[in-house]
Each structure stands twice: as C-alpha cells, then as structure tokens.
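Trainee: So here's entry23.pdb, just PDB, C-alpha atoms, pLDDT in the B column:
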```
ATOM      1  CA  MET A   1       0.000   0.000   0.000  1.00 47.00           C
ATOM      2  CA  ASN A   2       1.347   3.403  -0.952  1.00 52.00           C
ATOM      3  CA  PRO A   3       1.191   6.021   1.803  1.00 48.00           C
ATOM      4  CA  ARG A   4      -0.933   9.074   1.113  1.00 48.00           C
ATOM      5  CA  PRO A   5       0.889  12.428   0.939  1.00 51.00           C
ATOM      6  CA  LEU A   6      -0.660  13.327   4.304  1.00 47.00           C
ATOM      7  CA  ASP A   7       0.859  10.226   5.890  1.00 48.00           C
ATOM      8  CA  ARG A   8       4.279  11.466   4.842  1.00 51.00           C
ATOM      9  CA  GLU A   9       3.712  14.955   6.300  1.00 54.00           C
ATOM     10  CA  ASP A  10       6.449  15.982   8.697  1.00 59.00           C
ATOM     11  CA  PRO A  11       4.958  16.182  12.214  1.00 57.00           C
ATOM     12  CA  ASP A  12       7.442  18.932  13.097  1.00 58.00           C
ATOM     13  CA  ARG A  13       6.052  21.091  10.297  1.00 64.00           C
ATOM     14  CA  LEU A  14       2.470  20.639  11.524  1.00 64.00           C
ATOM     15  CA  TYR A  15       3.606  21.487  15.039  1.00 55.00           C
ATOM     16  CA  THR A  16       5.172  24.682  13.706  1.00 62.00           C
ATOM     17  CA  VAL A  17       2.137  25.597  11.586  1.00 68.00           C
ATOM     18  CA  THR A  18      -0.175  25.421  14.603  1.00 63.00           C
ATOM     19  CA  GLY A  19       2.237  27.045  17.026  1.00 61.00           C
ATOM     20  CA  GLY A  20       2.394  23.832  19.045  1.00 59.00           C
ATOM     21  CA  ARG A  21      -1.363  23.607  19.557  1.00 63.00           C
ATOM     22  CA  THR A  22      -2.876  20.181  19.046  1.00 60.00           C
ATOM     23  CA  GLU A  23      -6.560  20.962  19.588  1.00 65.00           C
ATOM     24  CA  ALA A  24      -8.713  23.796  18.341  1.00 59.00           C
ATOM     25  CA  GLY A  25     -10.351  24.136  21.758  1.00 65.00           C
ATOM     26  CA  ASP A  26     -13.535  25.375  20.111  1.00 63.00           C
ATOM     27  CA  ASP A  27     -16.311  23.068  18.951  1.00 66.00           C
ATOM     28  CA  THR A  28     -18.089  25.735  16.890  1.00 70.00           C
ATOM     29  CA  LEU A  29     -16.307  24.767  13.683  1.00 81.00           C
ATOM     30  CA  ASP A  30     -18.303  22.004  12.057  1.00 84.00           C
ATOM     31  CA  LEU A  31     -16.855  20.171   9.049  1.00 87.00           C
ATOM     32  CA  VAL A  32     -19.503  21.724   6.833  1.00 89.00           C
ATOM     33  CA  ALA A  33     -19.299  25.229   8.321  1.00 89.00           C
ATOM     34  CA  LEU A  34     -18.741  27.768   5.566  1.00 92.00           C
ATOM     35  CA  ILE A  35     -15.782  30.124   5.738  1.00 93.00           C
ATOM     36  CA  VAL A  36     -15.924  33.559   4.133  1.00 93.00           C
ATOM     37  CA  ALA A  37     -12.829  35.742   3.723  1.00 93.00           C
ATOM     38  CA  GLU A  38     -13.307  39.270   5.068  1.00 91.00           C
ATOM     39  CA  ASP A  39      -9.842  40.469   4.095  1.00 88.00           C
ATOM     40  CA  GLU A  40      -7.054  39.933   1.593  1.00 91.00           C
ATOM     41  CA  PRO A  41      -3.821  38.173   2.586  1.00 90.00           C
ATOM     42  CA  ALA A  42      -1.332  40.623   4.114  1.00 88.00           C
ATOM     43  CA  PRO A  43       2.415  40.704   3.479  1.00 90.00           C
ATOM     44  CA  GLY A  44       4.311  38.689   6.074  1.00 88.00           C
ATOM     45  CA  MET A  45       1.282  36.590   6.954  1.00 88.00           C
ATOM     46  CA  GLN A  46       1.783  32.877   7.632  1.00 88.00           C
ATOM     47  CA  SER A  47       1.546  31.106   4.264  1.00 87.00           C
ATOM     48  CA  GLU A  48      -1.245  28.751   5.392  1.00 89.00           C
ATOM     49  CA  HIS A  49      -3.345  31.710   6.606  1.00 91.00           C
ATOM     50  CA  ALA A  50      -2.789  33.473   3.282  1.00 92.00           C
ATOM     51  CA  ALA A  51      -3.771  30.323   1.366  1.00 92.00           C
ATOM     52  CA  ILE A  52      -7.026  30.051   3.321  1.00 93.00           C
ATOM     53  CA  LEU A  53      -7.893  33.682   2.585  1.00 94.00           C
ATOM     54  CA  GLU A  54      -7.156  33.156  -1.112  1.00 94.00           C
ATOM     55  CA  LEU A  55      -9.290  30.003  -1.271  1.00 94.00           C
ATOM     56  CA  CYS A  56     -12.196  31.747   0.454  1.00 92.00           C
ATOM     57  CA  GLY A  57     -11.862  34.944  -1.553  1.00 89.00           C
ATOM     58  CA  GLY A  58     -14.218  33.766  -4.283  1.00 89.00           C
ATOM     59  CA  GLY A  59     -17.019  32.775  -1.935  1.00 91.00           C
ATOM     60  CA  PRO A  60     -17.843  30.539   1.019  1.00 93.00           C
ATOM     61  CA  VAL A  61     -15.820  27.336   1.350  1.00 93.00           C
ATOM     62  CA  ALA A  62     -16.524  24.439   3.754  1.00 94.00           C
ATOM     63  CA  VAL A  63     -13.956  23.538   6.410  1.00 93.00           C
ATOM     64  CA  VAL A  64     -13.577  20.033   4.989  1.00 93.00           C
ATOM     65  CA  GLU A  65     -12.980  21.450   1.503  1.00 94.00           C
ATOM     66  CA  LEU A  66     -10.247  23.735   2.843  1.00 94.00           C
ATOM     67  CA  SER A  67      -8.619  20.740   4.501  1.00 91.00           C
ATOM     68  CA  SER A  68      -8.651  18.911   1.192  1.00 92.00           C
ATOM     69  CA  GLN A  69      -7.344  21.855  -0.831  1.00 93.00           C
ATOM     70  CA  LEU A  70      -4.564  22.628   1.657  1.00 90.00           C
ATOM     71  CA  ARG A  71      -3.740  18.935   2.122  1.00 90.00           C
ATOM     72  CA  LEU A  72      -3.673  19.422   5.876  1.00 88.00           C
ATOM     73  CA  PRO A  73      -5.513  17.504   8.604  1.00 87.00           C
ATOM     74  CA  VAL A  74      -8.883  18.986   9.565  1.00 88.00           C
ATOM     75  CA  SER A  75      -7.647  19.539  13.117  1.00 85.00           C
ATOM     76  CA  VAL A  76      -4.800  21.726  11.840  1.00 86.00           C
ATOM     77  CA  VAL A  77      -7.118  23.661   9.520  1.00 90.00           C
ATOM     78  CA  LYS A  78      -9.528  24.319  12.403  1.00 90.00           C
ATOM     79  CA  ILE A  79      -6.698  25.816  14.466  1.00 88.00           C
ATOM     80  CA  LEU A  80      -5.688  28.045  11.557  1.00 90.00           C
ATOM     81  CA  LEU A  81      -9.306  29.097  10.993  1.00 92.00           C
ATOM     82  CA  LEU A  82      -9.751  30.044  14.629  1.00 90.00           C
ATOM     83  CA  ASP A  83      -6.618  32.194  14.388  1.00 89.00           C
ATOM     84  CA  LEU A  84      -8.071  33.984  11.358  1.00 91.00           C
ATOM     85  CA  ARG A  85     -11.468  34.370  13.028  1.00 91.00           C
ATOM     86  CA  ASP A  86      -9.850  35.887  16.104  1.00 88.00           C
ATOM     87  CA  MET A  87      -8.013  38.359  13.839  1.00 89.00           C
ATOM     88  CA  GLY A  88     -11.317  39.276  12.154  1.00 91.00           C
ATOM     89  CA  ARG A  89     -10.130  38.102   8.746  1.00 93.00           C
ATOM     90  CA  ILE A  90     -12.840  35.454   8.225  1.00 93.00           C
ATOM     91  CA  THR A  91     -16.466  34.904   9.090  1.00 91.00           C
ATOM     92  CA  VAL A  92     -17.796  31.455   9.979  1.00 91.00           C
ATOM     93  CA  ARG A  93     -21.283  30.578   8.767  1.00 90.00           C
ATOM     94  CA  GLN A  94     -22.768  27.591  10.532  1.00 85.00           C
ATOM     95  CA  PRO A  95     -24.935  25.229   8.476  1.00 78.00           C
ATOM     96  CA  SER A  96     -28.650  25.823   8.863  1.00 71.00           C
ATOM     97  CA  SER A  97     -30.641  23.275  10.764  1.00 59.00           C
ATOM     98  CA  ALA A  98     -32.851  20.875   8.870  1.00 49.00           C
ATOM     99  CA  ALA A  99     -35.543  21.319  11.502  1.00 50.00           C
ATOM    100  CA  ALA A 100     -38.910  22.756  10.486  1.00 49.00           C
ATOM    101  CA  PRO A 101     -39.392  26.485  10.969  1.00 56.00           C
ATOM    102  CA  ALA A 102     -41.171  27.491  14.172  1.00 57.00           C
ATOM    103  CA  ALA A 103     -44.240  28.585  12.169  1.00 53.00           C
ATOM    104  CA  TYR A 104     -44.804  24.965  11.130  1.00 54.00           C
ATOM    105  CA  ALA A 105     -44.015  23.323  14.441  1.00 59.00           C
ATOM    106  CA  ALA A 106     -47.133  21.882  16.063  1.00 62.00           C
ATOM    107  CA  ASP A 107     -47.854  22.952  19.597  1.00 74.00           C
ATOM    108  CA  LEU A 108     -48.443  20.436  22.360  1.00 80.00           C
ATOM    109  CA  GLU A 109     -52.194  21.140  22.621  1.00 82.00           C
ATOM    110  CA  THR A 110     -52.752  20.415  18.915  1.00 83.00           C
ATOM    111  CA  LEU A 111     -50.853  17.153  19.220  1.00 82.00           C
ATOM    112  CA  LYS A 112     -53.000  16.153  22.216  1.00 85.00           C
ATOM    113  CA  GLN A 113     -56.186  16.863  20.233  1.00 85.00           C
ATOM    114  CA  VAL A 114     -54.921  14.740  17.330  1.00 86.00           C
ATOM    115  CA  LEU A 115     -54.119  11.878  19.714  1.00 86.00           C
ATOM    116  CA  VAL A 116     -57.605  12.080  21.304  1.00 87.00           C
ATOM    117  CA  GLY A 117     -59.162  12.080  17.840  1.00 86.00           C
ATOM    118  CA  LEU A 118     -57.175   9.021  16.769  1.00 87.00           C
ATOM    119  CA  GLU A 119     -58.038   7.163  19.961  1.00 88.00           C
ATOM    120  CA  SER A 120     -61.735   7.791  19.419  1.00 84.00           C
ATOM    121  CA  LEU A 121     -61.676   6.090  16.006  1.00 80.00           C
TER     122      LEU A 121
END
```
Let's see the structure in the file written out as structure tokens.
Mentor:
Amino acid sequence: MNPRPLDREDPDRLYTVTGGRTEAGDDTLDLVALIVAEDEPAPGMQSEHAAILELCGGGPVAVVELSSQLRLPVSVVKILLLDLRDMGRITVRQPSSAAAPAAYAADLETLKQVLVGLESL
C-alpha cells in the first residue's frame, strides 16, 4: 500500500504551523461550516493563513474542503481558521438546521387533540 501524501507529512512542520497547539479548543467549527474571507492576505502573513484567505476569496468554502485543498488535517485547519477568526479576517457561517421552521411546528395542545381524535376512532 502506498502512503498518502498526508501520511508522509512531517509532524514537526504541523507542530510549527499550529504554534504547538494540538486541539482547536472550540467546537463551533463544524466540518460543513462555511468560511468567508473578510480580508485579503497581508504581506508577512503565515503562508497557510494566506492560502485560506485566497481560497475563500471567491465565496464561502466548507472547512472540509479547505482541509482537502490545503492537504492538511482537519484539526490543523480548524486551528488556523480560529486564528483567522480571532483576527477578524474570516467569518464562519454555521450550516442551517434541517428542523422545520417554528411557524410549522405543532404545539403540544394540537398534538393532544390529534391523539384524542385518533383514539376515538
């Protein structure tokens, strides 16, 4: 079996990229959360941060897609994204819930009436 390019990644490089952090420490970044660049890459910026801003410059990009494009583990990308969010250079858009809107949600009293009606059949 041939190792994937990620399997050959130098752990020291990943340690350097994340500043020694191994966990994002923030669960708000879902794999399908959309990232929007709010700023252009700045001179002297870490190359991975600049690459993220360039990838997101054309429109929202999912966290998992950034991981794939950058060829970095999702955990590393999340750390980089949190850095950019803290600097105000990106906005994170959480995926919308698949739940029904509140206007369509049945209230408890209506459900009780339906149950009574079904029981009387």
Trainee: Taking 2 positions as the minimum chain separation for residues in the same chain, which residues sit within 9 Å of stretch 41-56 of chain A when counting only C-alpha atoms? Answer as a PDB file with C-alpha atoms, in the frame of the given file.
Mentor:
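Done, and the output landed in around.pdb:
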```pdb
ATOM      1  CA  VAL A  17       2.137  25.597  11.586  1.00 68.00           C
ATOM      2  CA  ILE A  35     -15.782  30.124   5.738  1.00 93.00           C
ATOM      3  CA  VAL A  36     -15.924  33.559   4.133  1.00 93.00           C
ATOM      4  CA  ALA A  37     -12.829  35.742   3.723  1.00 93.00           C
ATOM      5  CA  GLU A  38     -13.307  39.270   5.068  1.00 91.00           C
ATOM      6  CA  ASP A  39      -9.842  40.469   4.095  1.00 88.00           C
ATOM      7  CA  GLY A  58     -14.218  33.766  -4.283  1.00 89.00           C
ATOM      8  CA  GLY A  59     -17.019  32.775  -1.935  1.00 91.00           C
ATOM      9  CA  PRO A  60     -17.843  30.539   1.019  1.00 93.00           C
ATOM     10  CA  VAL A  61     -15.820  27.336   1.350  1.00 93.00           C
ATOM     11  CA  LEU A  66     -10.247  23.735   2.843  1.00 94.00           C
ATOM     12  CA  GLN A  69      -7.344  21.855  -0.831  1.00 93.00           C
ATOM     13  CA  LEU A  70      -4.564  22.628   1.657  1.00 90.00           C
ATOM     14  CA  VAL A  77      -7.118  23.661   9.520  1.00 90.00           C
ATOM     15  CA  LEU A  80      -5.688  28.045  11.557  1.00 90.00           C
ATOM     16  CA  LEU A  81      -9.306  29.097  10.993  1.00 92.00           C
ATOM     17  CA  ASP A  83      -6.618  32.194  14.388  1.00 89.00           C
ATOM     18  CA  LEU A  84      -8.071  33.984  11.358  1.00 91.00           C
ATOM     19  CA  ARG A  89     -10.130  38.102   8.746  1.00 93.00           C
ATOM     20  CA  ILE A  90     -12.840  35.454   8.225  1.00 93.00           C
TER      21      ILE A  90
END
```
Trainee: Expand the PyMOL selection byres ((chain A and resi 63) around 8) into the individual residues it matches in the shown file, reporting them as an MDAnalysis selection string.
Mentor: chainID A and resid 29:35 61:62 64:67 74 77:78
Trainee: May I have the residues from that selection written out with C-alpha atoms, as a compact mmCIF listing (two decimals), in the coordinates of the input?
Mentor:
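As written to disk, again21.txt reads:
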```txt
# COMPACT_ATOMS: atom_id res chain seq x y z
CA LEU A 29 -16.31 24.77 13.68
CA ASP A 30 -18.30 22.00 12.06
CA LEU A 31 -16.86 20.17 9.05
CA VAL A 32 -19.50 21.72 6.83
CA ALA A 33 -19.30 25.23 8.32
CA LEU A 34 -18.74 27.77 5.57
CA ILE A 35 -15.78 30.12 5.74
CA VAL A 61 -15.82 27.34 1.35
CA ALA A 62 -16.52 24.44 3.75
CA VAL A 64 -13.58 20.03 4.99
CA GLU A 65 -12.98 21.45 1.50
CA LEU A 66 -10.25 23.74 2.84
CA SER A 67 -8.62 20.74 4.50
CA VAL A 74 -8.88 18.99 9.56
CA VAL A 77 -7.12 23.66 9.52
CA LYS A 78 -9.53 24.32 12.40
```
Trainee: Which one of A:Thr28, A:Ser96, A:Glu40, A:Ser68 sits closest to A:Leu82 if you count all atoms listed in the file?
Mentor: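 Closest candidate: A:Thr28.
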Trainee: Go through A:Ile79, A:Val114, A:Thr91, A:Leu72 one by one, measure the shortest atom-to-atom distance of each to A:Gly57 using all atoms listed in the file, and give the residue with the smallest value.
Mentor: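 Smallest separation from A:Gly57 among the options: A:Thr91.
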Trainee: What is the distance, in Å and to one decimal place, between atom CA of A:Gln94 and atom CA of A:Arg71?
Mentor: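 Computing the Euclidean distance for atom CA of A:Gln94 and atom CA of A:Arg71 yields 22.5 Å.
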Trainee: Grab the atom CA of A:Asp107 to atom CA of A:Leu121 distance for me, in Å with one decimal place.
Mentor: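 One can read the atom CA of A:Asp107 to atom CA of A:Leu121 distance as 22.1 Å.
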